[in-house]
Amino acid sequence: MASPYRAIFAAPGTRRFSAAGLVGRMPLSMMGIGIVTMISQLTGRYGLAGALAATLAMSAAGMGPMISRLVDRHGQRRVLRPAALTAVTAVTGLLVCAEGSAPEWTLFVFAAGAGCVPSVGSMVRARWAELYRGSPRELHAAYSWESIVDELCFIFGPIIAIGLSTAWFPAAGPMLAALFLVAGVFWLTAQRATEPVPQPRGDHTGGTALRSPGLQVLVVTFVATGAIFGSIDVVTVAFAEERGNKTAASLVLAVYALGSCLAGLVFGLLDPRGSASGRWLVGVCAMAVSMIPLQLAGNLPILAVALFVAGLAIAPTMVTTMALVEAHVPRTTLTEGMTWVSTGLAVGVALGSSAAGWVVDGSGARTGFAVPVVAGVAAALVALVGHRRLRERPTDREGYGADDQHRYGRGDDEVPGTHLA
């Protein structure tokens, strides 16, 4: 392990809560693609599969910030366990109805209930932020490490979900994802020593983290970014099926995540300086441009190469995003602020997977690759228009306590976690 990563794991308990976060985040990459694979196996309808995945994502988008807001006030253990059990119960109902050919409306009801899944990644990052608050170099390495963990989930998650659903039985992938969720959440919340202490009730202003103009820009941009991810998942599965090798879709998607994982690993070894908002803008635009070569993919190997290159822009952009969130929201709403970014992604995944499903059903997989291109253009345009808000000093806005004002009063664009000059 390179020295920056070795340094952050010197603190007691860090290896265990990061490992628990890995297990608890596996459903992030397994549930949506598992549902798409399961429904397409059972019905052959990608439109229905994409709509169900979109329902799950939209539900998670609506419930996620509320769950995280409760966590900021009451602690992770008291909130995450009931939320995870609720989500798993709904997933069980979805699988039973799908396998039993129940009416379609029941599938949507249970898919909506399954959205009660907590944002485990935000919970782990909040632990890192609490542990290394005021230590920019360590926070940068910690956020980079968690980005690598995210991508490990996306390397192995689709392989497991699609592989099990195609080789064993259709519901196998989502079923295992539900088991990962329960195991990860209960393991994480059992570790009380590293759990962030809930802030006193008097420290909460009653407002939401989304009042921050900078956070608003990040969330809207990541709605479009999520549409890239959601559409690529659906179109890749359909593209592989058209070429007679549906199971290979999991390997292609794993290569996409591998590119991001390697980029995140290298990025964590660096000590980036300069404008964080400018670096974030470059990352978003790079993700948009990387969607163009997908239109030229005529077979699975070429598609895999194109996606690997596209993945190189993801992790560095996500690391910078989380550092910007940490800089632009008060400490009392940090978990909620991080979850809003995940919410934006979830909304985008819902829109992208649904749109891609309908395009694939109507015009085929090759045409479906136009959806991530459109989403990438939208993300770049929003980032170009709004990135100046990320340079504003949070102390210029209401809703920050004295501790936050002291912490953020350092000048434009000096962001914790990025060690900027």
# chains A, B, ... in the order shown; residues from 1 in each chain; ligands from 1

$ residues_around --residues "Val217 in chain A" --least-positions-apart "3" --cutoff "7 Å" --atoms "only C-alpha atoms" --output "PyMOL selection string"
chain A and resi 213-214+220-221+386-387

$ residues_around --residues "Pro196 in chain A" --least-positions-apart "3" --cutoff "9 Å" --atoms "only C-alpha atoms" --output "PyMOL selection string"
chain A and resi 72+75-76+126-127+129-131+192-193+199

$ closest_residue --among "A:Thr236, A:Ser277, A:Thr166, A:Ser135" --to "Thr320 in chain A" --atoms "only C-alpha atoms"
A:Ser277

$ select_by_dssp --residues "range 146-296 of chain A" --states "alpha helix (DSSP H)" --output "count of residues only"
106

$ closest_residue --among "A:Pro372, A:Gly244, A:Gly362, A:Gly230" --to "Val289 in chain A" --atoms "only C-alpha atoms"
A:Pro372

$ residues_around --residues "Ser68 in chain A" --least-positions-apart "4" --cutoff "7 Å" --atoms "only C-alpha atoms" --output "list in words"
Gly64, Asp72, Thr335, Glu336 and Thr339 of chain A

$ write_last_selection --atoms "N, CA, C and O atoms" --output "compact mmCIF listing (two decimals), in the first residue's frame"
# COMPACT_ATOMS: atom_id res chain seq x y z
N GLY A 64 -32.97 9.04 0.46
CA GLY A 64 -31.59 9.10 0.91
C GLY A 64 -31.26 10.33 1.75
O GLY A 64 -30.72 10.21 2.86
N ASP A 72 -27.41 12.59 10.81
CA ASP A 72 -26.69 13.73 11.37
C ASP A 72 -27.23 14.11 12.74
O ASP A 72 -26.49 14.58 13.61
N THR A 335 -23.16 14.70 6.42
CA THR A 335 -23.63 13.45 5.84
C THR A 335 -24.76 13.70 4.85
O THR A 335 -24.81 13.10 3.78
N GLU A 336 -25.66 14.59 5.21
CA GLU A 336 -26.75 14.93 4.30
C GLU A 336 -26.21 15.54 3.00
O GLU A 336 -26.67 15.21 1.90
N THR A 339 -24.84 12.94 0.82
CA THR A 339 -25.91 12.11 0.27
C THR A 339 -26.65 12.82 -0.85
O THR A 339 -27.15 12.17 -1.77

$ closest_residue --among "A:Ala365, A:Val182, A:Leu345, A:Leu48" --to "Trp105 in chain A" --atoms "only C-alpha atoms"
A:Leu48

$ atom_distance --atom1 "CA of Val325 in chain A" --atom2 "CA of Ser212 in chain A"
9.4 Å

$ atom_distance --atom1 "CA of Ala370 in chain A" --atom2 "CA of Val255 in chain A"
20.2 Å

$ atom_distance --atom1 "CA of Leu80 in chain A" --atom2 "CA of Thr332 in chain A"
17.7 Å

$ closest_residue --among "A:Leu334, A:Leu22, A:Leu307, A:Leu253" --to "Pro158 in chain A" --atoms "only C-alpha atoms"
A:Leu253

$ decode --residues "range 159-188 of chain A" --atoms "N, CA and C atoms" --output "mmCIF file, in the first residue's frame"
data_model
loop_
_atom_site.group_PDB
_atom_site.id
_atom_site.type_symbol
_atom_site.label_atom_id
_atom_site.label_comp_id
_atom_site.auth_asym_id
_atom_site.auth_seq_id
_atom_site.Cartn_x
_atom_site.Cartn_y
_atom_site.Cartn_z
ATOM 1 N N ILE A 159 -20.460 -8.136 -12.330
ATOM 2 C CA ILE A 159 -20.072 -9.503 -12.681
ATOM 3 C C ILE A 159 -20.859 -10.502 -11.848
ATOM 4 N N ILE A 160 -20.939 -10.234 -10.540
ATOM 5 C CA ILE A 160 -21.659 -11.137 -9.648
ATOM 6 C C ILE A 160 -23.148 -11.123 -9.951
ATOM 7 N N ALA A 161 -23.728 -9.929 -10.069
ATOM 8 C CA ALA A 161 -25.177 -9.822 -10.260
ATOM 9 C C ALA A 161 -25.624 -10.432 -11.586
ATOM 10 N N ILE A 162 -24.973 -10.027 -12.674
ATOM 11 C CA ILE A 162 -25.363 -10.548 -13.985
ATOM 12 C C ILE A 162 -25.018 -12.026 -14.088
ATOM 13 N N GLY A 163 -23.844 -12.410 -13.569
ATOM 14 C CA GLY A 163 -23.441 -13.813 -13.639
ATOM 15 C C GLY A 163 -24.393 -14.727 -12.908
ATOM 16 N N LEU A 164 -24.773 -14.364 -11.691
ATOM 17 C CA LEU A 164 -25.695 -15.203 -10.927
ATOM 18 C C LEU A 164 -27.072 -15.253 -11.567
ATOM 19 N N SER A 165 -27.558 -14.101 -12.040
ATOM 20 C CA SER A 165 -28.908 -14.053 -12.600
ATOM 21 C C SER A 165 -29.025 -14.811 -13.917
ATOM 22 N N THR A 166 -27.928 -14.884 -14.662
ATOM 23 C CA THR A 166 -27.977 -15.600 -15.939
ATOM 24 C C THR A 166 -27.588 -17.072 -15.804
ATOM 25 N N ALA A 167 -26.716 -17.376 -14.835
ATOM 26 C CA ALA A 167 -26.233 -18.754 -14.709
ATOM 27 C C ALA A 167 -27.014 -19.571 -13.683
ATOM 28 N N TRP A 168 -27.626 -18.919 -12.694
ATOM 29 C CA TRP A 168 -28.328 -19.643 -11.638
ATOM 30 C C TRP A 168 -29.828 -19.484 -11.799
ATOM 31 N N PHE A 169 -30.398 -18.383 -11.275
ATOM 32 C CA PHE A 169 -31.809 -18.078 -11.512
ATOM 33 C C PHE A 169 -31.949 -16.565 -11.526
ATOM 34 N N PRO A 170 -32.970 -16.014 -12.207
ATOM 35 C CA PRO A 170 -33.036 -14.567 -12.459
ATOM 36 C C PRO A 170 -32.933 -13.674 -11.232
ATOM 37 N N ALA A 171 -33.493 -14.096 -10.104
ATOM 38 C CA ALA A 171 -33.514 -13.232 -8.915
ATOM 39 C C ALA A 171 -32.250 -13.348 -8.070
ATOM 40 N N ALA A 172 -31.295 -14.170 -8.472
ATOM 41 C CA ALA A 172 -30.131 -14.431 -7.636
ATOM 42 C C ALA A 172 -29.286 -13.178 -7.390
ATOM 43 N N GLY A 173 -29.092 -12.359 -8.411
ATOM 44 C CA GLY A 173 -28.278 -11.160 -8.263
ATOM 45 C C GLY A 173 -28.847 -10.171 -7.255
ATOM 46 N N PRO A 174 -30.113 -9.736 -7.427
ATOM 47 C CA PRO A 174 -30.700 -8.820 -6.444
ATOM 48 C C PRO A 174 -30.784 -9.426 -5.041
ATOM 49 N N MET A 175 -30.974 -10.727 -4.952
ATOM 50 C CA MET A 175 -31.060 -11.374 -3.640
ATOM 51 C C MET A 175 -29.732 -11.245 -2.891
ATOM 52 N N LEU A 176 -28.627 -11.510 -3.575
ATOM 53 C CA LEU A 176 -27.327 -11.392 -2.930
ATOM 54 C C LEU A 176 -27.024 -9.943 -2.571
ATOM 55 N N ALA A 177 -27.470 -9.004 -3.410
ATOM 56 C CA ALA A 177 -27.267 -7.585 -3.117
ATOM 57 C C ALA A 177 -27.944 -7.205 -1.799
ATOM 58 N N ALA A 178 -29.140 -7.732 -1.571
ATOM 59 C CA ALA A 178 -29.858 -7.458 -0.322
ATOM 60 C C ALA A 178 -29.101 -8.015 0.878
ATOM 61 N N LEU A 179 -28.521 -9.187 0.728
ATOM 62 C CA LEU A 179 -27.745 -9.779 1.823
ATOM 63 C C LEU A 179 -26.500 -8.945 2.122
ATOM 64 N N PHE A 180 -25.839 -8.443 1.083
ATOM 65 C CA PHE A 180 -24.681 -7.571 1.277
ATOM 66 C C PHE A 180 -25.076 -6.314 2.059
ATOM 67 N N LEU A 181 -26.237 -5.760 1.744
ATOM 68 C CA LEU A 181 -26.677 -4.541 2.414
ATOM 69 C C LEU A 181 -26.839 -4.757 3.912
ATOM 70 N N VAL A 182 -27.545 -5.815 4.277
ATOM 71 C CA VAL A 182 -27.772 -6.097 5.696
ATOM 72 C C VAL A 182 -26.442 -6.338 6.414
ATOM 73 N N ALA A 183 -25.586 -7.157 5.816
ATOM 74 C CA ALA A 183 -24.315 -7.481 6.454
ATOM 75 C C ALA A 183 -23.445 -6.236 6.622
ATOM 76 N N GLY A 184 -23.355 -5.423 5.581
ATOM 77 C CA GLY A 184 -22.512 -4.241 5.644
ATOM 78 C C GLY A 184 -23.001 -3.206 6.641
ATOM 79 N N VAL A 185 -24.309 -2.949 6.635
ATOM 80 C CA VAL A 185 -24.866 -1.938 7.542
ATOM 81 C C VAL A 185 -24.712 -2.368 8.997
ATOM 82 N N PHE A 186 -25.018 -3.622 9.306
ATOM 83 C CA PHE A 186 -24.918 -4.069 10.692
ATOM 84 C C PHE A 186 -23.470 -4.139 11.157
ATOM 85 N N TRP A 187 -22.555 -4.494 10.253
ATOM 86 C CA TRP A 187 -21.135 -4.508 10.609
ATOM 87 C C TRP A 187 -20.635 -3.092 10.857
ATOM 88 N N LEU A 188 -21.004 -2.161 9.988
ATOM 89 C CA LEU A 188 -20.562 -0.778 10.135
ATOM 90 C C LEU A 188 -21.098 -0.158 11.423
#
